[in-house]
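Participant: Next up, run-v1.csv (CSV, C-alpha atoms).
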```csv
chain,number,residue,atom,x,y,z
D,1,MET,CA,0.0,0.0,0.0
D,2,PHE,CA,2.8,2.4,0.8
D,3,SER,CA,4.5,2.0,-2.6
D,4,ASN,CA,1.1,2.8,-4.3
D,5,TYR,CA,0.6,5.8,-2.0
D,6,LEU,CA,4.1,7.0,-3.0
D,7,ILE,CA,3.2,6.7,-6.7
D,8,GLY,CA,0.0,8.6,-6.3
D,9,LEU,CA,1.7,11.3,-4.2
D,10,ARG,CA,4.7,11.8,-6.4
D,11,LYS,CA,2.9,11.7,-9.8
D,12,GLY,CA,-0.1,13.6,-8.4
D,13,LEU,CA,2.1,16.3,-7.0
D,14,GLU,CA,3.8,16.8,-10.3
D,15,ALA,CA,0.5,17.3,-12.0
D,16,SER,CA,-0.7,19.6,-9.2
D,17,LEU,CA,2.4,21.8,-9.5
D,18,VAL,CA,1.9,22.1,-13.2
D,19,VAL,CA,-1.7,23.1,-12.7
D,20,CYS,CA,-0.8,25.6,-9.9
D,21,ILE,CA,1.9,27.2,-12.0
D,22,LEU,CA,-0.4,27.6,-15.0
D,23,ILE,CA,-3.3,29.0,-13.0
D,24,ALA,CA,-1.1,31.3,-10.8
D,25,TYR,CA,0.6,32.8,-13.9
D,26,LEU,CA,-2.7,33.6,-15.5
D,27,VAL,CA,-4.1,35.2,-12.3
D,28,LYS,CA,-1.0,37.2,-11.7
D,29,THR,CA,-0.9,38.6,-15.2
D,30,GLY,CA,-4.6,39.5,-15.2
D,31,ARG,CA,-5.6,37.0,-17.8
D,32,ARG,CA,-8.5,35.3,-15.9
D,33,GLN,CA,-10.5,35.0,-19.1
D,34,ALA,CA,-8.0,32.3,-20.1
D,35,LEU,CA,-8.7,30.1,-17.0
D,36,ARG,CA,-11.8,28.4,-18.6
D,37,PRO,CA,-10.0,26.9,-21.6
D,38,VAL,CA,-7.0,25.9,-19.4
D,39,TRP,CA,-9.4,24.1,-17.0
D,40,ALA,CA,-11.0,22.5,-20.0
D,41,GLY,CA,-7.7,21.1,-21.1
D,42,ILE,CA,-6.9,19.9,-17.6
D,43,GLY,CA,-10.3,18.2,-17.3
D,44,LEU,CA,-9.8,16.5,-20.7
D,45,ALA,CA,-6.4,15.3,-19.7
D,46,VAL,CA,-7.7,13.8,-16.4
D,47,GLY,CA,-10.6,12.2,-18.2
D,48,ILE,CA,-8.4,10.5,-20.8
D,49,ALA,CA,-6.0,9.3,-18.2
D,50,MET,CA,-8.9,7.7,-16.2
D,51,GLY,CA,-10.3,6.2,-19.4
D,52,PHE,CA,-6.8,4.8,-20.2
D,53,GLY,CA,-6.6,3.2,-16.8
D,54,CYS,CA,-10.1,1.7,-17.2
D,55,VAL,CA,-9.2,0.2,-20.6
D,56,LEU,CA,-6.1,-1.4,-19.1
D,57,GLU,CA,-8.0,-2.8,-16.2
D,58,PHE,CA,-11.2,-4.0,-17.8
D,59,GLY,CA,-9.8,-4.8,-21.2
D,60,SER,CA,-7.2,-7.1,-19.9
D,61,GLN,CA,-9.9,-9.2,-18.0
D,62,GLU,CA,-11.2,-10.4,-21.4
D,63,LEU,CA,-7.9,-12.1,-22.2
D,64,THR,CA,-6.7,-15.6,-21.5
D,65,PHE,CA,-4.3,-16.1,-18.5
D,66,GLN,CA,-1.2,-16.3,-20.7
D,67,ALA,CA,-2.3,-13.2,-22.6
D,68,GLN,CA,-3.0,-11.3,-19.4
D,69,GLU,CA,0.4,-12.2,-18.0
D,70,GLY,CA,2.1,-11.3,-21.3
D,71,LEU,CA,0.3,-8.0,-21.4
D,72,GLY,CA,1.0,-7.3,-17.8
D,73,GLY,CA,4.7,-8.1,-18.1
D,74,SER,CA,5.1,-6.0,-21.2
D,75,LEU,CA,3.3,-3.0,-19.9
D,76,SER,CA,5.2,-3.2,-16.6
D,77,ILE,CA,8.5,-2.9,-18.5
D,78,VAL,CA,7.2,0.0,-20.5
D,79,ALA,CA,5.9,1.7,-17.3
D,80,VAL,CA,9.2,1.3,-15.6
D,81,GLY,CA,11.0,2.8,-18.6
D,82,LEU,CA,8.7,5.8,-18.6
D,83,VAL,CA,8.9,6.4,-14.8
D,84,THR,CA,12.7,6.1,-14.9
D,85,TRP,CA,12.9,8.7,-17.6
D,86,MET,CA,10.5,10.9,-15.7
D,87,VAL,CA,12.5,10.6,-12.5
D,88,PHE,CA,15.7,11.7,-14.1
D,89,TRP,CA,14.0,14.4,-16.2
D,90,MET,CA,12.4,15.9,-13.1
D,91,ARG,CA,15.6,15.8,-11.1
D,92,ARG,CA,17.5,17.7,-13.8
D,93,THR,CA,14.8,20.2,-14.8
D,94,ALA,CA,12.8,20.9,-11.6
D,95,ARG,CA,14.0,24.4,-11.1
D,96,HIS,CA,13.4,25.3,-14.8
D,97,LEU,CA,9.9,23.9,-14.9
D,98,LYS,CA,8.2,27.2,-14.2
D,99,ALA,CA,10.0,29.1,-16.9
D,100,GLU,CA,9.3,26.3,-19.4
D,101,LEU,CA,5.6,26.3,-18.7
D,102,HIS,CA,5.4,30.1,-18.8
D,103,GLY,CA,7.0,30.1,-22.2
D,104,LYS,CA,4.5,27.6,-23.6
D,105,LEU,CA,1.6,29.4,-22.0
D,106,ASP,CA,2.6,32.7,-23.5
D,107,GLN,CA,2.8,31.2,-27.0
D,108,ALA,CA,-0.7,29.6,-26.5
D,109,LEU,CA,-2.1,32.9,-25.3
D,110,ALA,CA,-0.9,34.5,-28.5
D,111,MET,CA,-2.5,31.8,-30.6
D,112,GLY,CA,-6.0,31.7,-29.1
D,113,THR,CA,-8.4,29.6,-27.0
D,114,GLY,CA,-7.8,26.3,-28.8
D,115,ALA,CA,-4.1,26.5,-28.2
D,116,LEU,CA,-4.7,27.1,-24.5
D,117,VAL,CA,-6.8,24.0,-24.2
D,118,VAL,CA,-4.1,22.0,-26.1
D,119,THR,CA,-1.3,23.4,-23.9
D,120,ALA,CA,-3.0,22.6,-20.6
D,121,PHE,CA,-4.0,19.2,-22.0
D,122,LEU,CA,-0.4,18.3,-23.0
D,123,ALA,CA,1.1,19.7,-19.7
D,124,VAL,CA,-1.1,17.5,-17.6
D,125,GLY,CA,-1.9,14.7,-20.0
D,126,ARG,CA,1.6,13.3,-20.0
D,127,GLU,CA,1.6,13.0,-16.3
D,128,GLY,CA,-1.8,11.5,-16.3
D,129,LEU,CA,-1.1,8.8,-18.8
D,130,GLU,CA,2.2,7.9,-17.1
D,131,THR,CA,0.5,7.7,-13.8
D,132,ALA,CA,-2.3,5.5,-15.1
D,133,LEU,CA,0.2,3.1,-16.6
D,134,PHE,CA,2.5,2.9,-13.7
D,135,VAL,CA,-0.3,2.7,-11.2
D,136,TRP,CA,-1.9,-0.2,-13.1
D,137,ALA,CA,1.5,-2.0,-13.4
D,138,SER,CA,2.2,-1.5,-9.7
D,139,VAL,CA,-1.2,-2.5,-8.5
D,140,HIS,CA,-1.0,-5.6,-10.8
D,141,ALA,CA,2.4,-6.5,-9.2
D,142,ALA,CA,1.3,-5.8,-5.6
D,143,SER,CA,-2.3,-7.1,-5.9
D,144,ASP,CA,-3.2,-9.3,-2.9
D,145,GLY,CA,-6.9,-9.6,-3.6
D,146,THR,CA,-7.8,-6.6,-1.5
D,147,PRO,CA,-8.5,-2.9,-2.4
D,148,ARG,CA,-5.5,-1.7,-0.4
D,149,PRO,CA,-3.3,-0.9,-3.4
D,150,LEU,CA,-6.0,1.2,-5.0
D,151,ILE,CA,-6.7,2.9,-1.6
D,152,GLY,CA,-3.0,3.7,-1.3
D,153,VAL,CA,-3.1,5.3,-4.8
D,154,ALA,CA,-6.2,7.3,-4.0
D,155,LEU,CA,-4.8,8.6,-0.7
D,156,GLY,CA,-1.6,9.6,-2.4
D,157,LEU,CA,-3.5,11.5,-5.1
D,158,ALA,CA,-5.7,13.2,-2.4
D,159,THR,CA,-2.6,14.2,-0.5
D,160,ALA,CA,-1.0,15.6,-3.7
D,161,VAL,CA,-4.1,17.7,-4.4
D,162,LEU,CA,-4.1,19.1,-0.8
D,163,LEU,CA,-0.4,19.9,-1.1
D,164,GLY,CA,-1.0,21.6,-4.4
D,165,ARG,CA,-3.7,23.8,-2.9
D,166,LEU,CA,-1.5,24.7,0.0
D,167,PHE,CA,1.4,25.6,-2.5
D,168,TYR,CA,-1.0,27.8,-4.5
D,169,ARG,CA,-2.2,29.7,-1.4
D,170,GLY,CA,1.4,30.1,-0.2
D,171,THR,CA,0.6,28.2,3.0
D,172,LEU,CA,3.3,25.6,2.4
D,173,ARG,CA,6.9,25.9,1.3
D,174,ILE,CA,9.2,23.0,0.8
D,175,ASP,CA,12.4,22.4,-1.1
D,176,LEU,CA,10.9,20.7,-4.2
D,177,SER,CA,14.3,19.8,-5.5
D,178,LYS,CA,15.0,17.7,-2.4
D,179,PHE,CA,11.5,16.4,-2.4
D,180,PHE,CA,11.7,15.1,-6.0
D,181,THR,CA,15.2,13.7,-5.3
D,182,TRP,CA,14.2,11.5,-2.4
D,183,THR,CA,10.8,10.5,-3.6
D,184,GLY,CA,12.5,9.7,-7.0
D,185,ALA,CA,14.9,7.5,-5.2
D,186,MET,CA,12.1,5.6,-3.5
D,187,LEU,CA,10.3,5.3,-6.8
D,188,VAL,CA,13.4,3.7,-8.3
D,189,VAL,CA,13.2,1.0,-5.6
D,190,VAL,CA,9.5,0.5,-6.4
D,191,ALA,CA,10.2,0.4,-10.1
D,192,ALA,CA,12.8,-2.3,-9.6
D,193,GLY,CA,10.2,-4.5,-7.9
D,194,VAL,CA,7.7,-3.8,-10.7
D,195,LEU,CA,10.3,-4.6,-13.3
D,196,ALA,CA,11.2,-7.9,-11.7
D,197,TYR,CA,7.5,-8.8,-11.3
D,198,GLY,CA,7.0,-7.9,-15.0
D,199,PHE,CA,9.7,-10.4,-16.1
D,200,HIS,CA,8.0,-13.0,-13.8
D,201,ASP,CA,4.7,-12.3,-15.7
D,202,LEU,CA,6.5,-12.9,-19.0
D,203,GLN,CA,7.8,-16.2,-17.5
D,204,GLU,CA,4.4,-17.3,-16.5
D,205,ALA,CA,3.1,-16.4,-20.0
D,206,GLY,CA,5.7,-18.7,-21.5
D,207,VAL,CA,7.5,-15.8,-23.3
D,208,LEU,CA,10.6,-16.2,-21.2
D,209,PRO,CA,12.1,-19.4,-19.7
D,210,GLY,CA,13.2,-20.2,-16.2
D,211,LEU,CA,10.0,-20.1,-14.3
D,212,THR,CA,11.0,-23.1,-12.1
D,213,HIS,CA,14.6,-21.9,-11.6
D,214,LEU,CA,14.3,-20.2,-8.2
D,215,ALA,CA,17.1,-18.0,-6.8
D,216,PHE,CA,16.0,-18.8,-3.3
D,217,ASP,CA,12.8,-19.7,-1.4
D,218,ILE,CA,12.3,-18.3,2.1
D,219,SER,CA,8.5,-18.7,2.1
D,220,SER,CA,8.8,-20.6,5.4
D,221,THR,CA,10.7,-17.7,7.0
D,222,VAL,CA,8.7,-14.9,5.4
D,223,PRO,CA,5.2,-16.3,4.7
D,224,PRO,CA,3.4,-14.2,2.0
D,225,ASP,CA,0.3,-14.1,4.1
D,226,SER,CA,2.1,-12.9,7.3
D,227,TRP,CA,1.9,-9.2,8.3
D,228,TYR,CA,5.5,-8.6,7.6
D,229,GLY,CA,5.3,-10.6,4.3
D,230,THR,CA,2.4,-8.4,3.3
D,231,LEU,CA,4.3,-5.3,4.3
D,232,LEU,CA,7.3,-6.2,2.3
D,233,LYS,CA,5.1,-7.0,-0.7
D,234,GLY,CA,3.3,-3.7,-0.4
D,235,VAL,CA,6.4,-1.6,0.0
D,236,LEU,CA,9.0,-3.3,-2.1
D,237,ASN,CA,7.0,-5.8,-4.2
D,238,PHE,CA,9.1,-8.4,-2.4
D,239,GLN,CA,8.6,-12.0,-3.4
D,240,PRO,CA,9.9,-14.8,-1.0
D,241,ASP,CA,10.5,-17.2,-3.9
D,242,PRO,CA,11.8,-15.2,-6.9
D,243,THR,CA,13.3,-16.8,-10.0
D,244,VAL,CA,16.9,-16.3,-11.0
D,245,LEU,CA,15.8,-14.0,-13.8
D,246,GLN,CA,13.9,-11.8,-11.4
D,247,VAL,CA,16.8,-11.3,-9.1
D,248,THR,CA,19.2,-10.7,-12.0
D,249,VAL,CA,16.9,-8.1,-13.6
D,250,TRP,CA,16.3,-6.4,-10.2
D,251,LEU,CA,20.0,-6.0,-9.6
D,252,LEU,CA,20.8,-5.0,-13.1
D,253,TYR,CA,18.2,-2.2,-12.9
D,254,LEU,CA,18.6,-1.0,-9.3
D,255,VAL,CA,22.4,-0.8,-9.0
D,256,PRO,CA,23.3,1.3,-12.1
D,257,THR,CA,20.1,3.4,-11.9
D,258,PHE,CA,20.8,4.3,-8.3
D,259,THR,CA,24.4,5.1,-9.1
D,260,LEU,CA,23.4,7.4,-12.0
D,261,PHE,CA,20.5,9.0,-10.0
D,262,PHE,CA,22.7,10.2,-7.2
D,263,ALA,CA,25.5,11.4,-9.5
D,264,PRO,CA,25.9,15.2,-9.3
D,265,VAL,CA,23.6,17.1,-11.7
D,266,GLY,CA,24.6,20.7,-10.9
D,267,PHE,CA,21.6,21.8,-8.9
D,268,ALA,CA,21.7,19.8,-5.7
D,269,SER,CA,21.8,23.0,-3.7
D,270,GLY,CA,19.3,25.5,-2.3
D,271,LYS,CA,19.0,26.9,-5.8
D,272,GLY,CA,16.5,24.2,-6.5
D,273,LYS,CA,13.9,25.6,-4.0
D,274,VAL,CA,10.8,26.4,-6.0
D,275,THR,CA,7.4,27.2,-4.6
D,276,VAL,CA,4.1,28.4,-6.2
D,277,ALA,CA,4.1,31.1,-3.6
D,278,ASP,CA,7.2,32.5,-5.2
D,279,GLU,CA,5.3,32.4,-8.5
D,280,GLN,CA,2.5,34.5,-7.1
D,281,GLY,CA,4.8,37.0,-5.5
D,282,SER,CA,6.9,37.7,-8.6
D,283,GLN,CA,6.3,40.5,-11.1
D,284,PRO,CA,5.2,39.9,-14.7
D,285,SER,CA,8.6,40.9,-15.9
D,286,GLN,CA,10.1,38.1,-14.0
D,287,ALA,CA,7.9,35.4,-15.6
D,288,SER,CA,10.8,33.8,-17.5
D,289,GLN,CA,13.0,33.3,-14.5
D,290,ALA,CA,13.2,29.9,-12.8
```
Is it possible to give me this structure as structure tokens?

Facilitator:
Amino acid sequence: MFSNYLIGLRKGLEASLVVCILIAYLVKTGRRQALRPVWAGIGLAVGIAMGFGCVLEFGSQELTFQAQEGLGGSLSIVAVGLVTWMVFWMRRTARHLKAELHGKLDQALAMGTGALVVTAFLAVGREGLETALFVWASVHAASDGTPRPLIGVALGLATAVLLGRLFYRGTLRIDLSKFFTWTGAMLVVVAAGVLAYGFHDLQEAGVLPGLTHLAFDISSTVPPDSWYGTLLKGVLNFQPDPTVLQVTVWLLYLVPTFTLFFAPVGFASGKGKVTVADEQGSQPSQASQA
């Protein structure tokens, strides 16, 4: 449940910050008439993301077991690739996000209402589709027959919306660079578990060999139905009897990704502090500054 809460919080907060920056910029520059098309684009993006998630969930139920496992494994690998790219991209560009969004919004304002809808849709839509895919893959990997994974995601998204509102009002200030760094590191660990489980799905589908070649089996020590087994499963997607391929994939992903993630990127200082409150307090002439 915690891993799914983290996914909902991290991805939801990214989308919330994008929305806050767009809305605050329009309000600050006296362009409130542009709020309606921006909200329309945001609503369209959210609707499509939810629809995409429903297609993944209900569409896969019509498939055979082998097809379900093959689809689940393939989409898990794609989801991990997208989330890994997003984590690195956000860590490198977090302090420039505001300026980038302002530039796109200025161009859209010059082009008209349709461009505003498209700009807002694209700004939020990418986050929404990535979230839907990774949430589906993570819930699929951590599913224990209970609604807890989905509850974790819902709580994470609700927390993100609340934080976004506090940012917009200037009530809350945090170092977003550090926040995205540490939540990104935790997401890498979650992604490693999702990736390993994805390869296990492909083994169960018969796409990859080695389903019976276990790296170890500690099911008697860590029973899957015990409270600590459930906790490890929910947080780390831990499996007490992984295959050799699963362990190999987990290590090959986690070790180099962690090494690269914590390598210096040039803004690991206080310069990365960005708040929406700063956005509201700046002057229009400063709109292009990060």

Participant: For Val194 (chain D), which residue among D:Thr29, D:Asn4, D:Ser138, D:Thr259 is the nearest when counting only C-alpha atoms?

Facilitator: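 Answer, going by the shortest atom-to-atom distance: D:Ser138.
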
Participant: Build an axis-aligned box that encloses every atom of region 106-125 of chain D listed in the file, pad it by 8 Å on each side, and report its centre and edge lengths in Å to one decimal, as lines of an AutoDock Vina configuration file.

Facilitator:
```
center_x = -2.8
center_y = 24.6
center_z = -24.1
size_x = 27.2
size_y = 35.8
size_z = 29.0
```

Participant: Would you mind reading off the distance between CA of Glu130 (chain D) and CA of Gly229 (chain D), one decimal, in Å?

Facilitator: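 Result for CA of Glu130 (chain D) versus CA of Gly229 (chain D): 28.5 Å, one decimal.
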
Participant: Measuring between only C-alpha atoms, which one of D:Met50, D:Ala137, D:Leu231, D:Ile42 shows the shortest distance to Ala191 (chain D)?

Facilitator: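 When distances to Ala191 (chain D) are compared using only C-alpha atoms, the smallest one comes from D:Ala137.
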
Participant: Can you tell me, as a PDB file with C-alpha atoms, in the frame of the given file, which residues sit within 12 Å of (-11.7, 19.1, -20.4) in the file's frame, using all atoms listed in the file?

Facilitator:
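Writing done, so here's selection39.pdb:
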```
ATOM      1  CA  LEU D  35      -8.700  30.100 -17.000  1.00  0.00           C
ATOM      2  CA  ARG D  36     -11.800  28.400 -18.600  1.00  0.00           C
ATOM      3  CA  PRO D  37     -10.000  26.900 -21.600  1.00  0.00           C
ATOM      4  CA  VAL D  38      -7.000  25.900 -19.400  1.00  0.00           C
ATOM      5  CA  TRP D  39      -9.400  24.100 -17.000  1.00  0.00           C
ATOM      6  CA  ALA D  40     -11.000  22.500 -20.000  1.00  0.00           C
ATOM      7  CA  GLY D  41      -7.700  21.100 -21.100  1.00  0.00           C
ATOM      8  CA  ILE D  42      -6.900  19.900 -17.600  1.00  0.00           C
ATOM      9  CA  GLY D  43     -10.300  18.200 -17.300  1.00  0.00           C
ATOM     10  CA  LEU D  44      -9.800  16.500 -20.700  1.00  0.00           C
ATOM     11  CA  ALA D  45      -6.400  15.300 -19.700  1.00  0.00           C
ATOM     12  CA  VAL D  46      -7.700  13.800 -16.400  1.00  0.00           C
ATOM     13  CA  GLY D  47     -10.600  12.200 -18.200  1.00  0.00           C
ATOM     14  CA  ILE D  48      -8.400  10.500 -20.800  1.00  0.00           C
ATOM     15  CA  ALA D  49      -6.000   9.300 -18.200  1.00  0.00           C
ATOM     16  CA  GLY D 114      -7.800  26.300 -28.800  1.00  0.00           C
ATOM     17  CA  LEU D 116      -4.700  27.100 -24.500  1.00  0.00           C
ATOM     18  CA  VAL D 117      -6.800  24.000 -24.200  1.00  0.00           C
ATOM     19  CA  VAL D 118      -4.100  22.000 -26.100  1.00  0.00           C
ATOM     20  CA  THR D 119      -1.300  23.400 -23.900  1.00  0.00           C
ATOM     21  CA  ALA D 120      -3.000  22.600 -20.600  1.00  0.00           C
ATOM     22  CA  PHE D 121      -4.000  19.200 -22.000  1.00  0.00           C
ATOM     23  CA  LEU D 122      -0.400  18.300 -23.000  1.00  0.00           C
ATOM     24  CA  VAL D 124      -1.100  17.500 -17.600  1.00  0.00           C
ATOM     25  CA  GLY D 125      -1.900  14.700 -20.000  1.00  0.00           C
TER      26      GLY D 125
END
```

Participant: Pick the closest to Gly198 (chain D) from D:Val55, D:Val153, D:Leu129, D:Ile77: which is it, counting all atoms listed in the file?

Facilitator: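 Among the listed residues, the smallest separation from Gly198 (chain D) belongs to D:Ile77.
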
Participant: Let me make sure I understand: among D:Ile218, D:Ala123, D:Ala132, D:Leu22, which one has the smallest atom-to-atom distance to Gln239 (chain D) if we use all atoms listed in the file?

Facilitator: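 Using all atoms listed in the file, the shortest distance to Gln239 (chain D) belongs to D:Ile218.
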
Participant: What does the structure give for the distance between CA of Ala79 (chain D) and CA of Asp225 (chain D), in Å to one decimal?

Facilitator: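 For CA of Ala79 (chain D) relative to CA of Asp225 (chain D), the distance reads 27.2 Å.
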
Participant: For Gln68 (chain D), which residue out of D:Leu17, D:Leu56, D:Ala34, D:Ile23 is the nearest one, using all atoms listed in the file?

Facilitator: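 Once distances to Gln68 (chain D) are computed over all atoms listed in the file, the minimum belongs to D:Leu56.
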
Participant: Pick the closest to Gly184 (chain D) from D:Ser60, D:Ser3, D:Gln33, D:Thr84: which is it, counting all atoms listed in the file?

Facilitator: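 The closest residue to Gly184 (chain D) is D:Thr84.
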
Participant: Might you pull out every residue within 8 Å of Leu236 (chain D), with all atoms listed in the file counted and same-chain residues fewer than 6 positions away left off, and present them as a ChimeraX atom specification?

Facilitator: /D:3,189-190,193

Participant: Is it possible to get the residues within 9 Å of (0.7, -8.5, -19.4) (coordinates as in the file, counting all atoms listed in the file) written as a list of chain:residue names?

Facilitator: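 Here the neighbourhood of the point contains D:Ser60, D:Gln66, D:Ala67, D:Gln68, D:Glu69, D:Gly70, D:Leu71, D:Gly72, D:Gly73, D:Ser74, D:Leu75, D:Ser76, D:Ala137, D:Gly198, D:Asp201, D:Leu202, D:Ala205.
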
Participant: Which residues come within 7 Å of Ala192 (chain D), counting all atoms listed in the file, excluding same-chain residues fewer than 3 positions away, as a PDB file with C-alpha atoms, in the coordinates of the input?

Facilitator:
```pdb
ATOM      1  CA  VAL D 188      13.400   3.700  -8.300  1.00  0.00           C
ATOM      2  CA  VAL D 189      13.200   1.000  -5.600  1.00  0.00           C
ATOM      3  CA  LEU D 195      10.300  -4.600 -13.300  1.00  0.00           C
ATOM      4  CA  ALA D 196      11.200  -7.900 -11.700  1.00  0.00           C
ATOM      5  CA  TRP D 250      16.300  -6.400 -10.200  1.00  0.00           C
ATOM      6  CA  TYR D 253      18.200  -2.200 -12.900  1.00  0.00           C
ATOM      7  CA  LEU D 254      18.600  -1.000  -9.300  1.00  0.00           C
TER       8      LEU D 254
END
```

Participant: Hey, can you check how far CA of Met86 (chain D) sits from CA of Phe238 (chain D)?

Facilitator: 23.5 Å

Participant: Contacts of Phe262 (chain D) at 12 Å or less, counting only C-alpha atoms, minus same-chain residues fewer than 5 places along, as a list of chain:residue names?

Facilitator: D:Val87, D:Phe88, D:Arg91, D:Arg92, D:Lys178, D:Thr181, D:Trp182, D:Gly184, D:Ala185, D:Val188, D:Val255, D:Pro256, D:Thr257, D:Phe267, D:Ala268
